[in-house]
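Undergrad: File follows, coords_14.cif with mmCIF, C-alpha atoms:
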data_query
#
loop_
_atom_site.label_atom_id
_atom_site.label_comp_id
_atom_site.auth_asym_id
_atom_site.auth_seq_id
_atom_site.Cartn_x
_atom_site.Cartn_y
_atom_site.Cartn_z
CA MET Z 1 -42.36 1.28 -36.83
CA ASN Z 2 -39.07 3.09 -36.35
CA PRO Z 3 -39.60 6.03 -34.01
CA LEU Z 4 -37.10 7.97 -36.08
CA LEU Z 5 -39.34 7.58 -39.07
CA ALA Z 6 -42.36 8.40 -37.04
CA ALA Z 7 -40.70 11.62 -35.96
CA ALA Z 8 -39.55 12.39 -39.48
CA PRO Z 9 -41.79 14.77 -41.37
CA ALA Z 10 -44.19 12.84 -43.50
CA GLY Z 11 -44.53 13.62 -47.17
CA GLY Z 12 -41.14 12.50 -48.48
CA GLY Z 13 -42.49 8.99 -48.78
CA GLU Z 14 -40.22 7.34 -51.27
CA GLU Z 15 -37.19 9.51 -50.72
CA PHE Z 16 -34.59 9.04 -47.98
CA GLN Z 17 -34.53 11.98 -45.62
CA ALA Z 18 -31.68 12.56 -43.17
CA PRO Z 19 -32.81 13.15 -39.60
CA GLY Z 20 -32.63 16.74 -38.41
CA PRO Z 21 -33.50 18.82 -35.35
CA GLU Z 22 -36.85 17.07 -35.11
CA LEU Z 23 -34.84 14.30 -33.41
CA PHE Z 24 -34.72 16.54 -30.39
CA GLU Z 25 -38.37 17.44 -30.22
CA PHE Z 26 -40.58 15.38 -28.00
CA PRO Z 27 -44.27 15.47 -27.36
CA PRO Z 28 -45.54 14.90 -23.82
CA LEU Z 29 -44.86 11.33 -22.67
CA PHE Z 30 -48.48 10.38 -22.72
CA ALA Z 31 -51.49 11.96 -24.33
CA GLY Z 32 -53.14 14.49 -22.10
CA GLY Z 33 -50.09 14.58 -19.79
CA PRO Z 34 -48.41 17.82 -18.78
CA GLU Z 35 -46.49 19.47 -21.58
CA TRP Z 36 -43.24 19.56 -19.63
CA LEU Z 37 -43.17 15.81 -18.94
CA THR Z 38 -41.19 14.70 -21.98
CA LYS Z 39 -38.63 11.97 -22.58
CA PRO Z 40 -35.56 14.18 -21.90
CA VAL Z 41 -37.11 15.44 -18.67
CA LEU Z 42 -37.96 11.91 -17.58
CA PHE Z 43 -34.48 10.61 -18.26
CA ALA Z 44 -32.80 13.65 -16.73
CA VAL Z 45 -34.51 12.71 -13.48
CA VAL Z 46 -33.95 8.97 -14.01
CA GLY Z 47 -30.25 9.66 -14.62
CA ALA Z 48 -29.98 11.72 -11.45
CA LEU Z 49 -31.73 9.02 -9.42
CA LEU Z 50 -29.56 6.34 -11.02
CA VAL Z 51 -26.40 8.21 -10.02
CA CYS Z 52 -27.77 8.54 -6.49
CA ALA Z 53 -28.68 4.83 -6.37
CA VAL Z 54 -25.30 3.62 -7.64
CA ALA Z 55 -23.44 6.01 -5.35
CA TRP Z 56 -25.63 4.86 -2.48
CA SER Z 57 -24.90 1.19 -3.13
CA ALA Z 58 -21.19 1.98 -3.28
CA PHE Z 59 -20.71 4.53 -0.51
CA ALA Z 60 -23.65 4.18 1.88
CA SER Z 61 -21.67 2.18 4.42
CA PRO Z 62 -18.10 2.11 3.17
CA LYS Z 63 -15.76 -0.48 4.63
CA LEU Z 64 -12.06 -0.22 5.28
CA VAL Z 65 -11.64 -3.29 3.09
CA PRO Z 66 -13.83 -2.58 0.06
CA ARG Z 67 -16.16 -5.18 -1.45
CA GLY Z 68 -18.34 -5.32 -4.53
CA MET Z 69 -19.85 -1.98 -5.49
CA GLN Z 70 -17.55 -0.09 -3.18
CA ASN Z 71 -14.59 -1.23 -5.27
CA LEU Z 72 -16.25 0.14 -8.38
CA GLY Z 73 -17.24 3.36 -6.63
CA GLU Z 74 -13.74 3.87 -5.35
CA VAL Z 75 -12.32 3.47 -8.84
CA GLY Z 76 -14.65 6.27 -9.95
CA TYR Z 77 -13.91 8.41 -6.93
CA LEU Z 78 -10.15 8.00 -7.24
CA PHE Z 79 -10.31 8.69 -10.97
CA VAL Z 80 -12.11 12.00 -10.45
CA ARG Z 81 -9.88 12.89 -7.50
CA ASP Z 82 -6.54 12.04 -9.12
CA GLN Z 83 -7.24 12.98 -12.75
CA VAL Z 84 -9.62 15.92 -12.35
CA ALA Z 85 -9.45 17.47 -8.90
CA ARG Z 86 -5.80 17.19 -7.88
CA PRO Z 87 -4.16 18.64 -11.01
CA PHE Z 88 -6.20 21.82 -10.62
CA LEU Z 89 -7.08 22.08 -6.95
CA GLY Z 90 -4.16 20.35 -5.23
CA LYS Z 91 -4.72 20.24 -1.50
CA ASP Z 92 -8.20 21.78 -1.86
CA SER Z 93 -9.31 18.69 -3.80
CA ASP Z 94 -11.17 16.96 -0.99
CA ARG Z 95 -13.20 20.09 -0.27
CA TRP Z 96 -14.54 20.13 -3.85
CA MET Z 97 -14.83 16.42 -4.51
CA PRO Z 98 -18.56 16.34 -3.62
CA LEU Z 99 -19.33 18.78 -6.42
CA LEU Z 100 -16.89 17.34 -8.96
CA LEU Z 101 -17.93 13.73 -8.38
CA SER Z 102 -21.60 14.69 -8.70
CA LEU Z 103 -20.91 16.61 -11.91
CA PHE Z 104 -18.84 13.88 -13.49
CA PHE Z 105 -21.21 11.02 -12.84
CA LEU Z 106 -24.38 12.97 -13.55
CA ILE Z 107 -23.05 14.13 -16.92
CA TRP Z 108 -21.63 10.73 -17.78
CA THR Z 109 -24.90 9.00 -16.92
CA TRP Z 110 -26.90 11.54 -18.95
CA ASN Z 111 -24.51 11.03 -21.87
CA ILE Z 112 -24.51 7.26 -21.70
CA MET Z 113 -28.26 7.23 -22.21
CA ALA Z 114 -27.52 7.97 -25.88
CA VAL Z 115 -26.46 4.35 -26.35
CA VAL Z 116 -28.74 2.64 -23.86
CA PRO Z 117 -31.25 0.62 -25.91
CA VAL Z 118 -34.81 2.00 -25.90
CA VAL Z 119 -33.70 5.21 -24.17
CA GLN Z 120 -31.24 6.21 -26.90
CA PHE Z 121 -31.23 9.87 -26.10
CA PRO Z 122 -28.38 11.90 -24.61
CA VAL Z 123 -30.00 14.14 -22.01
CA ALA Z 124 -27.22 16.71 -22.34
CA SER Z 125 -28.13 17.27 -25.99
CA HIS Z 126 -30.88 19.52 -24.69
CA ILE Z 127 -28.93 22.62 -23.87
CA ALA Z 128 -30.94 23.41 -20.75
CA PHE Z 129 -29.12 20.68 -18.80
CA PRO Z 130 -25.55 21.73 -19.66
CA VAL Z 131 -26.61 25.33 -19.02
CA VAL Z 132 -27.76 24.52 -15.51
CA LEU Z 133 -24.44 22.84 -14.72
CA ALA Z 134 -22.26 25.46 -16.41
CA VAL Z 135 -24.11 28.37 -14.80
CA SER Z 136 -23.80 26.71 -11.39
CA VAL Z 137 -20.06 26.40 -11.86
CA TYR Z 138 -19.85 29.94 -13.24
CA LEU Z 139 -21.66 31.47 -10.27
CA LEU Z 140 -19.53 29.41 -7.91
CA LYS Z 141 -16.38 30.59 -9.66
CA ILE Z 142 -17.27 34.27 -9.30
CA TYR Z 143 -18.47 33.81 -5.74
CA LEU Z 144 -15.24 32.07 -4.75
CA GLY Z 145 -13.15 34.65 -6.59
CA ILE Z 146 -14.73 37.59 -4.77
CA LYS Z 147 -14.76 35.78 -1.44
CA ASN Z 148 -11.15 34.57 -1.54
CA GLN Z 149 -9.43 37.35 -3.44
CA GLY Z 150 -11.64 40.35 -2.69
CA PHE Z 151 -13.83 42.15 -5.20
CA LYS Z 152 -11.18 44.53 -6.51
CA ARG Z 153 -8.32 42.08 -6.63
CA TYR Z 154 -10.43 39.40 -8.29
CA PHE Z 155 -11.27 41.66 -11.20
CA THR Z 156 -7.80 43.17 -11.51
CA ASP Z 157 -5.46 40.23 -10.82
CA MET Z 158 -6.62 38.42 -13.94
CA ILE Z 159 -5.17 41.25 -16.06
CA PRO Z 160 -1.42 40.84 -16.66
CA LYS Z 161 0.67 43.70 -15.28
CA GLY Z 162 3.48 45.72 -16.74
CA LEU Z 163 2.36 45.97 -20.36
CA PRO Z 164 2.34 49.21 -22.40
CA LEU Z 165 -0.82 51.20 -21.68
CA PRO Z 166 -2.43 50.96 -25.16
CA THR Z 167 -2.39 47.17 -24.97
CA TYR Z 168 -4.84 47.28 -22.10
CA PHE Z 169 -7.55 48.79 -24.30
CA LEU Z 170 -7.45 45.54 -26.20
CA LEU Z 171 -6.46 43.18 -23.43
CA VAL Z 172 -8.99 44.10 -20.73
CA PRO Z 173 -12.12 43.59 -22.86
CA ILE Z 174 -10.74 40.36 -24.28
CA GLU Z 175 -9.83 39.05 -20.86
CA TYR Z 176 -13.22 39.90 -19.36
CA LEU Z 177 -15.05 38.61 -22.40
CA SER Z 178 -13.19 35.36 -22.27
CA THR Z 179 -13.51 34.86 -18.51
CA PHE Z 180 -17.07 36.01 -17.90
CA ILE Z 181 -18.89 35.36 -21.14
CA LEU Z 182 -17.08 32.96 -23.43
CA ALA Z 183 -15.85 30.55 -20.76
CA PRO Z 184 -19.28 29.64 -19.35
CA PHE Z 185 -20.81 29.70 -22.81
CA THR Z 186 -18.26 27.30 -24.30
CA HIS Z 187 -18.38 25.25 -21.12
CA ALA Z 188 -22.06 24.53 -21.68
CA VAL Z 189 -22.04 24.48 -25.48
CA ARG Z 190 -19.09 22.08 -25.76
CA LEU Z 191 -21.01 19.41 -23.91
CA PHE Z 192 -24.30 20.19 -25.57
CA ALA Z 193 -22.87 20.29 -29.10
CA ASN Z 194 -20.92 17.07 -28.73
CA MET Z 195 -23.96 15.19 -27.52
CA PHE Z 196 -26.20 16.85 -30.10
CA ALA Z 197 -23.87 15.99 -32.97
CA GLY Z 198 -23.25 12.50 -31.68
CA HIS Z 199 -26.96 11.82 -31.53
CA VAL Z 200 -27.48 13.15 -35.05
CA ILE Z 201 -24.65 10.97 -36.36
CA LEU Z 202 -25.97 7.83 -34.69
CA ALA Z 203 -29.52 8.57 -35.85
CA PHE Z 204 -28.30 9.22 -39.37
CA PHE Z 205 -26.34 5.96 -39.75
CA SER Z 206 -28.98 3.83 -38.11
CA LEU Z 207 -31.63 5.39 -40.34
CA VAL Z 208 -29.46 4.71 -43.40
CA GLY Z 209 -29.24 1.07 -42.36
CA PHE Z 210 -32.94 0.82 -41.58
CA TRP Z 211 -34.11 2.65 -44.65
CA PHE Z 212 -32.02 0.82 -47.25
CA LEU Z 213 -32.30 -2.65 -45.73
CA PHE Z 214 -35.92 -2.72 -44.52
CA GLU Z 215 -37.94 0.33 -45.52
CA GLN Z 216 -36.99 0.64 -49.20
CA PRO Z 217 -34.68 -2.28 -49.99
CA THR Z 218 -33.21 -2.09 -53.49
CA ILE Z 219 -30.27 -3.90 -55.10
CA LYS Z 220 -28.27 -0.70 -55.17
CA GLY Z 221 -29.31 0.31 -51.71
CA VAL Z 222 -28.35 -2.86 -49.80
CA PRO Z 223 -24.57 -2.20 -49.65
CA LEU Z 224 -25.33 1.31 -48.46
CA GLY Z 225 -27.60 -0.09 -45.78
CA ILE Z 226 -24.91 -2.54 -44.64
CA ALA Z 227 -22.40 0.31 -44.53
CA GLY Z 228 -24.90 2.23 -42.43
CA VAL Z 229 -25.20 -0.64 -39.94
CA ILE Z 230 -21.44 -1.04 -39.68
CA MET Z 231 -21.00 2.69 -39.22
CA THR Z 232 -23.71 2.71 -36.58
CA ILE Z 233 -21.82 0.08 -34.58
CA ALA Z 234 -18.48 1.86 -35.03
CA MET Z 235 -19.93 5.27 -34.18
CA THR Z 236 -21.66 3.84 -31.12
CA GLY Z 237 -18.26 2.78 -29.81
CA PHE Z 238 -16.82 6.15 -30.69
CA GLU Z 239 -19.74 7.95 -29.06
CA MET Z 240 -19.20 6.02 -25.84
CA PHE Z 241 -15.67 7.35 -25.81
CA ILE Z 242 -16.90 10.90 -26.52
CA GLN Z 243 -19.52 10.61 -23.78
CA PHE Z 244 -16.87 9.76 -21.25
CA LEU Z 245 -14.47 12.36 -22.62
CA GLN Z 246 -17.05 15.16 -22.47
CA ALA Z 247 -18.05 14.31 -18.92
CA PHE Z 248 -14.37 14.29 -18.01
CA LEU Z 249 -13.70 17.55 -19.82
CA PHE Z 250 -16.68 19.35 -18.33
CA THR Z 251 -15.66 18.30 -14.82
CA MET Z 252 -12.05 19.19 -15.48
CA LEU Z 253 -13.01 22.69 -16.64
CA ALA Z 254 -15.24 23.04 -13.58
CA ALA Z 255 -12.24 22.15 -11.39
CA MET Z 256 -10.14 24.67 -13.30
CA TYR Z 257 -12.70 27.44 -12.85
CA ILE Z 258 -13.07 26.67 -9.15
CA GLY Z 259 -9.27 26.73 -8.86
CA SER Z 260 -9.17 30.12 -10.60
CA GLY Z 261 -11.69 31.41 -8.08
CA LEU Z 262 -9.69 30.10 -5.12
CA HIS Z 263 -6.35 31.44 -6.26
CA ALA Z 264 -5.51 34.16 -8.74
CA ASP Z 265 -4.00 32.87 -11.95
CA HIS Z 266 -0.33 33.57 -12.37
CA MET I 1 -33.09 19.59 -46.71
CA ILE I 2 -32.54 21.18 -43.36
CA THR I 3 -30.44 24.31 -43.39
CA ALA I 4 -29.16 26.49 -40.60
CA ALA I 5 -31.54 29.18 -41.76
CA SER I 6 -34.60 27.00 -41.50
CA LEU I 7 -33.27 25.73 -38.19
CA LEU I 8 -33.09 29.22 -36.79
CA ALA I 9 -36.30 30.20 -38.46
CA ALA I 10 -38.26 27.82 -36.29
CA GLU I 11 -37.78 29.94 -33.22
CA GLY I 12 -39.47 27.56 -30.83
CA ASN I 13 -37.27 24.68 -31.86
CA ASN I 14 -33.90 26.38 -31.71
CA PRO I 15 -31.72 23.85 -29.92
CA LEU I 16 -29.59 26.66 -28.44
CA ILE I 17 -32.56 28.09 -26.54
CA PRO I 18 -33.14 26.15 -23.32
CA HIS I 19 -36.66 25.16 -22.39
CA THR I 20 -37.72 26.72 -19.13
CA TYR I 21 -39.16 23.52 -17.68
CA GLU I 22 -36.00 21.66 -18.60
CA LEU I 23 -33.98 24.26 -16.73
CA VAL I 24 -36.12 23.63 -13.67
CA VAL I 25 -35.81 19.86 -13.98
CA GLY I 26 -32.07 20.22 -14.58
CA ILE I 27 -31.65 22.31 -11.43
CA PHE I 28 -33.73 19.80 -9.51
CA SER I 29 -31.77 16.80 -10.82
CA PHE I 30 -28.43 18.45 -10.19
CA ALA I 31 -29.50 19.51 -6.71
CA VAL I 32 -30.63 15.99 -5.85
CA VAL I 33 -27.32 14.50 -7.01
CA VAL I 34 -25.25 17.13 -5.20
CA LEU I 35 -27.24 16.62 -2.00
CA VAL I 36 -27.30 12.83 -2.03
CA VAL I 37 -23.97 12.02 -3.65
CA GLY I 38 -22.02 15.14 -2.74
CA LYS I 39 -23.26 16.02 0.73
CA MET I 40 -24.15 12.57 2.02
CA LEU I 41 -22.04 9.94 0.32
CA VAL I 42 -18.76 11.58 -0.66
CA PRO I 43 -17.87 12.53 2.94
CA ARG I 44 -18.41 8.90 3.92
CA ILE I 45 -16.04 7.52 1.33
CA GLN I 46 -13.56 10.31 2.09
CA LYS I 47 -13.65 9.34 5.74
CA THR I 48 -13.17 5.68 4.85
CA LEU I 49 -10.26 6.45 2.56
CA GLU I 50 -8.65 8.52 5.29
CA GLU I 51 -9.18 5.75 7.80
CA ARG I 52 -7.70 3.26 5.38
CA THR I 53 -4.63 5.44 4.89
CA GLU I 54 -4.36 5.76 8.63
CA ALA I 55 -4.81 2.02 9.13
CA ILE I 56 -2.10 1.24 6.61
CA GLU I 57 0.24 3.84 8.04
CA GLY I 58 -0.57 2.69 11.57
CA GLY I 59 0.10 -0.91 10.54
CA LEU I 60 3.42 0.07 9.06
CA LYS I 61 4.32 2.01 12.18
CA ARG I 62 3.33 -0.91 14.41
CA ALA I 63 5.41 -3.27 12.29
CA GLU I 64 8.34 -0.89 12.53
CA SER I 65 8.12 -0.60 16.29
CA ALA I 66 7.77 -4.38 16.60
CA GLN I 67 10.87 -4.83 14.51
CA ALA I 68 12.76 -2.27 16.55
CA GLU I 69 11.72 -4.08 19.70
CA ALA I 70 12.79 -7.42 18.26
CA GLU I 71 16.13 -5.95 17.30
CA GLN I 72 16.59 -4.53 20.75
CA THR I 73 15.78 -7.88 22.31
CA LEU I 74 18.19 -9.62 19.96
CA GLU I 75 20.88 -7.12 20.90
CA GLN I 76 20.14 -7.75 24.54
CA TYR I 77 20.36 -11.50 24.04
CA ARG I 78 23.60 -11.12 22.16
CA SER I 79 25.16 -9.03 24.88
CA GLN I 80 23.93 -11.49 27.48
CA LEU I 81 25.40 -14.35 25.50
CA ALA I 82 28.71 -12.55 25.15
CA GLU I 83 28.70 -11.84 28.85
CA ALA I 84 27.94 -15.49 29.61
CA ARG I 85 30.77 -16.60 27.36
CA HIS I 86 33.10 -14.18 29.02
CA GLU I 87 32.00 -15.42 32.40
CA ALA I 88 32.48 -19.03 31.34
CA ALA I 89 35.97 -18.26 30.06
CA ARG I 90 36.76 -16.50 33.29
CA LEU I 91 35.51 -19.45 35.35
CA ARG I 92 37.47 -21.87 33.21
CA GLU I 93 40.59 -19.83 33.70
CA GLN I 94 39.98 -19.67 37.39
CA ALA I 95 39.38 -23.41 37.56
CA ARG I 96 42.58 -24.06 35.67
CA GLU I 97 44.50 -21.82 38.00
CA GLN I 98 42.97 -23.47 41.01
CA GLY I 99 43.74 -26.89 39.53
CA ALA I 100 47.32 -25.94 38.92
CA GLN I 101 47.58 -24.59 42.43
CA ILE I 102 46.10 -27.76 43.91
CA ILE I 103 48.46 -29.92 41.91
CA ALA I 104 51.38 -27.84 43.04
CA GLU I 105 50.27 -28.05 46.63
CA MET I 106 49.74 -31.78 46.40
CA ARG I 107 53.12 -32.22 44.86
CA GLU I 108 54.77 -30.22 47.57
CA GLN I 109 52.90 -32.11 50.21
CA ALA I 110 53.90 -35.39 48.64
CA GLN I 111 57.47 -34.30 48.50
CA VAL I 112 57.38 -33.26 52.14
CA GLU I 113 55.80 -36.55 53.04
CA ALA I 114 58.35 -38.49 51.01
CA ARG I 115 61.13 -36.57 52.62
CA ARG I 116 59.65 -37.22 56.01
CA ILE I 117 59.35 -40.95 55.29
CA THR I 118 62.85 -41.08 53.94
CA GLU I 119 64.17 -39.24 56.93
CA SER I 120 62.39 -41.45 59.41
CA ALA I 121 63.56 -44.52 57.53
CA GLN I 122 67.07 -43.23 57.58
CA ALA I 123 66.80 -42.45 61.26
CA GLN I 124 65.48 -45.92 61.96
CA ILE I 125 68.22 -47.48 59.91
CA GLU I 126 70.74 -45.39 61.74
CA ALA I 127 69.29 -46.42 65.06
CA GLU I 128 69.29 -50.07 64.09
CA ARG I 129 72.78 -49.77 62.79
CA GLN I 130 73.87 -48.22 66.07
CA GLN I 131 72.06 -50.91 67.95
CA ALA I 132 73.61 -53.62 65.79
CA LEU I 133 76.96 -52.01 66.14
CA THR I 134 76.67 -51.87 69.87
CA ARG I 135 75.52 -55.47 70.05
CA LEU I 136 78.11 -56.56 67.56
CA ARG I 137 80.75 -54.84 69.53
CA ALA I 138 79.71 -56.69 72.64
CA GLU I 139 79.31 -59.97 70.82
CA VAL I 140 82.54 -59.68 68.90
CA GLY I 141 84.35 -59.26 72.20
CA GLU I 142 82.58 -62.25 73.66
CA LEU I 143 83.18 -64.31 70.58
CA ALA I 144 86.75 -63.36 70.35
CA VAL I 145 87.21 -64.33 73.99
CA GLU I 146 85.34 -67.59 73.43
CA LEU I 147 87.32 -68.40 70.33
CA ALA I 148 90.50 -67.59 72.02
CA SER I 149 89.64 -69.77 74.98
CA ARG I 150 88.75 -72.64 72.69
CA VAL I 151 91.83 -72.17 70.69
CA VAL I 152 93.81 -72.16 73.82
CA GLY I 153 91.80 -75.03 75.34
CA GLU I 154 92.26 -77.37 72.47
CA SER I 155 95.49 -79.09 71.92
CA LEU I 156 96.99 -77.46 69.06
CA GLU I 157 98.44 -80.75 67.78
CA ASP I 158 97.73 -80.78 64.24
CA GLU I 159 96.76 -78.37 61.72
CA ALA I 160 93.69 -80.36 60.77
CA ARG I 161 92.25 -80.08 64.17
CA GLN I 162 93.05 -76.49 64.31
CA ARG I 163 91.29 -75.97 61.11
CA ARG I 164 88.23 -77.88 62.26
CA THR I 165 88.00 -75.81 65.33
CA VAL I 166 88.04 -72.64 63.32
CA ASP I 167 85.52 -74.05 60.89
CA ARG I 168 83.21 -75.11 63.64
CA PHE I 169 83.42 -71.77 65.20
CA LEU I 170 82.59 -70.08 61.98
CA GLU I 171 79.64 -72.41 61.41
CA GLU I 172 78.32 -71.68 64.81
CA LEU I 173 78.82 -68.11 64.20
CA GLU I 174 76.89 -68.35 60.95
CA GLU I 175 74.12 -70.25 62.59
CA ARG I 176 73.85 -67.73 65.28
CA THR I 177 73.69 -64.95 62.84
CA ARG I 178 70.95 -66.80 60.92
CA THR I 179 68.98 -67.41 64.04
CA GLN I 180 69.30 -63.81 64.91
CA ALA I 181 68.20 -62.77 61.48
CA GLY I 182 65.22 -65.11 61.66
CA GLU I 183 64.19 -63.64 64.96
CA GLN I 184 64.43 -60.23 63.54
CA VAL I 185 62.39 -61.15 60.49
CA SER I 186 59.70 -62.81 62.55
#
Now, as a test, write the supplied structure out as structure tokens.

TA:
Amino acid sequence: MNPLLAAAPAGGGEEFQAPGPELFEFPPLFAGGPEWLTKPVLFAVVGALLVCAVAWSAFASPKLVPRGMQNLGEVGYLFVRDQVARPFLGKDSDRWMPLLLSLFFLIWTWNIMAVVPVVQFPVASHIAFPVVLAVSVYLLKIYLGIKNQGFKRYFTDMIPKGLPLPTYFLLVPIEYLSTFILAPFTHAVRLFANMFAGHVILAFFSLVGFWFLFEQPTIKGVPLGIAGVIMTIAMTGFEMFIQFLQAFLFTMLAAMYIGSGLHADH
Amino acid sequence: MITAASLLAAEGNNPLIPHTYELVVGIFSFAVVVLVVGKMLVPRIQKTLEERTEAIEGGLKRAESAQAEAEQTLEQYRSQLAEARHEAARLREQAREQGAQIIAEMREQAQVEARRITESAQAQIEAERQQALTRLRAEVGELAVELASRVVGESLEDEARQRRTVDRFLEELEERTRTQAGEQVS
């Protein structure tokens, strides 16, 4: 039986019910197992190990003339370096590539799991994972800011100078709110929400297809079911784009925040 | 229907509240990736990329220096060739001058020789002429005396006889001259 239906609250029976937040609730992997060992946890770790394995096969013993996996790895490395790191970090790029490359490929791998058959769950749609990454970047940003610019200058240089005094009563709280509270919050939530919504959309359309074609097939329902299948395919393609885009965006913002810690914004 | 209210109502299931154990697993996963990929692998590929850049730049530099060297050698060869041509032209000129000089010398020598030969021939001729003259002078006297004696000795009766006598004398004279010439030739 469809796991989506299994997860869906019983009782509706005849009526179609759109999938909701129960999509994101998982029991322990096996009966009697520890409560924390759920599907998202398993695939968070699997994703991390997968990134390590692929990176290992590509970069373990790199050659001057690349072959096979190294070619692929270099494409990824150069993409992150040239599109993410360099625009924000310039000559500091190489110093921060270890972090940015790890972030990008870990997030992308976690996201891709949404469309991997059988797995079909974006790890980042559980907010704990984006939070860990965003908080890490946030702490790093503040640490770098205080270390490179000094405590006082870090907290004052971000406020524009030379404005009429009353403006500062408005400007200072907004600036601090945006830099120290909203930025990390949106950093994490943007990734989480995109993956969450994407998963709901995919689950919805696939359930429409499954429900009206197999579960409760009716003359009226069949076209709807077919539309659901087509939309599932289309949205899967779209989701793959979003998965990449969100990984890219998250890493790009991380590079931007690190850059703002290294040098005061002007 | 699921509403935002019911969503928030189920406090334990609020998707905006992170699960503690997932935070721990997230930190662990992220740490593993940063350690393995970031700390171990990225420096390797960075080193390789740097080495590649260096290799390419080094290759370009080597090619440049090789080309410069080749150009220098070519220049050297060209200058050597020009020098050789110059030298050849100089030698040719010298040879021509020498040739002209030799020809002039030879000509002069030949002229001197010719003059010498001519002079000696002239001297010889002169000597022979003198000798002939001397002998002729002596012989003419003798002959004249002989002729005169014959003319006197013969009876000058008739003209015919007279004539014969003169003719005979002349023939003898001719013969003598011939004999003399033959002696001289032989």

Undergrad: Determine the nearest neighbour of Z:Val229 from the options Z:Phe248, Z:Val208, Z:Gly90, Z:Pro173, counting only C-alpha atoms.

TA: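 Using only C-alpha atoms, Z:Val229 sits closest to Z:Val208.
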
Undergrad: Can you list, as a tab-separated table (two decimals) with C-alpha atoms, in the coordinates of the input, the residues that the PyMOL selection byres ((chain I) within 7 of (chain Z)) selects here?

TA:
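File written: selection_6.tsv
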chain	number	residue	atom	x	y	z
I	2	ILE	CA	-32.54	21.18	-43.36
I	15	PRO	CA	-31.72	23.85	-29.92
I	16	LEU	CA	-29.59	26.66	-28.44
I	18	PRO	CA	-33.14	26.15	-23.32
I	19	HIS	CA	-36.66	25.16	-22.39
I	21	TYR	CA	-39.16	23.52	-17.68
I	22	GLU	CA	-36.00	21.66	-18.60
I	23	LEU	CA	-33.98	24.26	-16.73
I	25	VAL	CA	-35.81	19.86	-13.98
I	26	GLY	CA	-32.07	20.22	-14.58
I	27	ILE	CA	-31.65	22.31	-11.43
I	29	SER	CA	-31.77	16.80	-10.82
I	33	VAL	CA	-27.32	14.50	-7.01
I	34	VAL	CA	-25.25	17.13	-5.20
I	36	VAL	CA	-27.30	12.83	-2.03
I	37	VAL	CA	-23.97	12.02	-3.65
I	38	GLY	CA	-22.02	15.14	-2.74
I	39	LYS	CA	-23.26	16.02	0.73
I	41	LEU	CA	-22.04	9.94	0.32
I	42	VAL	CA	-18.76	11.58	-0.66
I	44	ARG	CA	-18.41	8.90	3.92
I	45	ILE	CA	-16.04	7.52	1.33
I	48	THR	CA	-13.17	5.68	4.85
I	52	ARG	CA	-7.70	3.26	5.38

Undergrad: Can you spell out as a ChimeraX atom specification the set of residues that the PyMOL selection byres ((chain Z and resi 197-201) around 8) selects in the structure I just provided?

TA: /Z:19-20,23,114,121-122,125,193-196,202-205,235,239

Undergrad: Write the residues of the selection above to a file with C-alpha atoms, as an mmCIF file, in the frame of the given file.

TA:
data_model
loop_
_atom_site.group_PDB
_atom_site.id
_atom_site.type_symbol
_atom_site.label_atom_id
_atom_site.label_comp_id
_atom_site.auth_asym_id
_atom_site.auth_seq_id
_atom_site.Cartn_x
_atom_site.Cartn_y
_atom_site.Cartn_z
ATOM 1 C CA PRO Z 19 -32.810 13.150 -39.600
ATOM 2 C CA GLY Z 20 -32.630 16.740 -38.410
ATOM 3 C CA LEU Z 23 -34.840 14.300 -33.410
ATOM 4 C CA ALA Z 114 -27.520 7.970 -25.880
ATOM 5 C CA PHE Z 121 -31.230 9.870 -26.100
ATOM 6 C CA PRO Z 122 -28.380 11.900 -24.610
ATOM 7 C CA SER Z 125 -28.130 17.270 -25.990
ATOM 8 C CA ALA Z 193 -22.870 20.290 -29.100
ATOM 9 C CA ASN Z 194 -20.920 17.070 -28.730
ATOM 10 C CA MET Z 195 -23.960 15.190 -27.520
ATOM 11 C CA PHE Z 196 -26.200 16.850 -30.100
ATOM 12 C CA LEU Z 202 -25.970 7.830 -34.690
ATOM 13 C CA ALA Z 203 -29.520 8.570 -35.850
ATOM 14 C CA PHE Z 204 -28.300 9.220 -39.370
ATOM 15 C CA PHE Z 205 -26.340 5.960 -39.750
ATOM 16 C CA MET Z 235 -19.930 5.270 -34.180
ATOM 17 C CA GLU Z 239 -19.740 7.950 -29.060
#

Undergrad: Using only the atoms of stretch 226-230 of chain Z listed in the file, plus 6 Å on each side, state the axis-aligned box centre and edge lengths in Å rounded to one decimal, as lines of an AutoDock Vina configuration file.

TA:
center_x = -23.3
center_y = -0.2
center_z = -42.2
size_x = 15.8
size_y = 16.8
size_z = 17.0

Undergrad: Could you check how far atom CA of Z:Ile258 sits from atom CA of Z:Val137, in Å to one decimal?

TA: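 Atom-to-atom, atom CA of Z:Ile258 to atom CA of Z:Val137, that is 7.5 Å.
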
Undergrad: Between atom CA of Z:Gln149 and atom CA of Z:Asp92, measure the distance and give it in Å to one decimal.

TA: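 For atom CA of Z:Gln149 relative to atom CA of Z:Asp92, the distance reads 15.7 Å.
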
Undergrad: Pick the closest to I:Glu142 from I:Leu173, I:Leu49, I:Gln180, I:Glu108: which is it, counting only C-alpha atoms?

TA: I:Leu173

Undergrad: For atom CA of Z:Ile159 and atom CA of Z:Gly145, determine how far apart the two atoms are, in Å to one decimal place.

TA: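 These atoms are spaced 14.0 Å apart.
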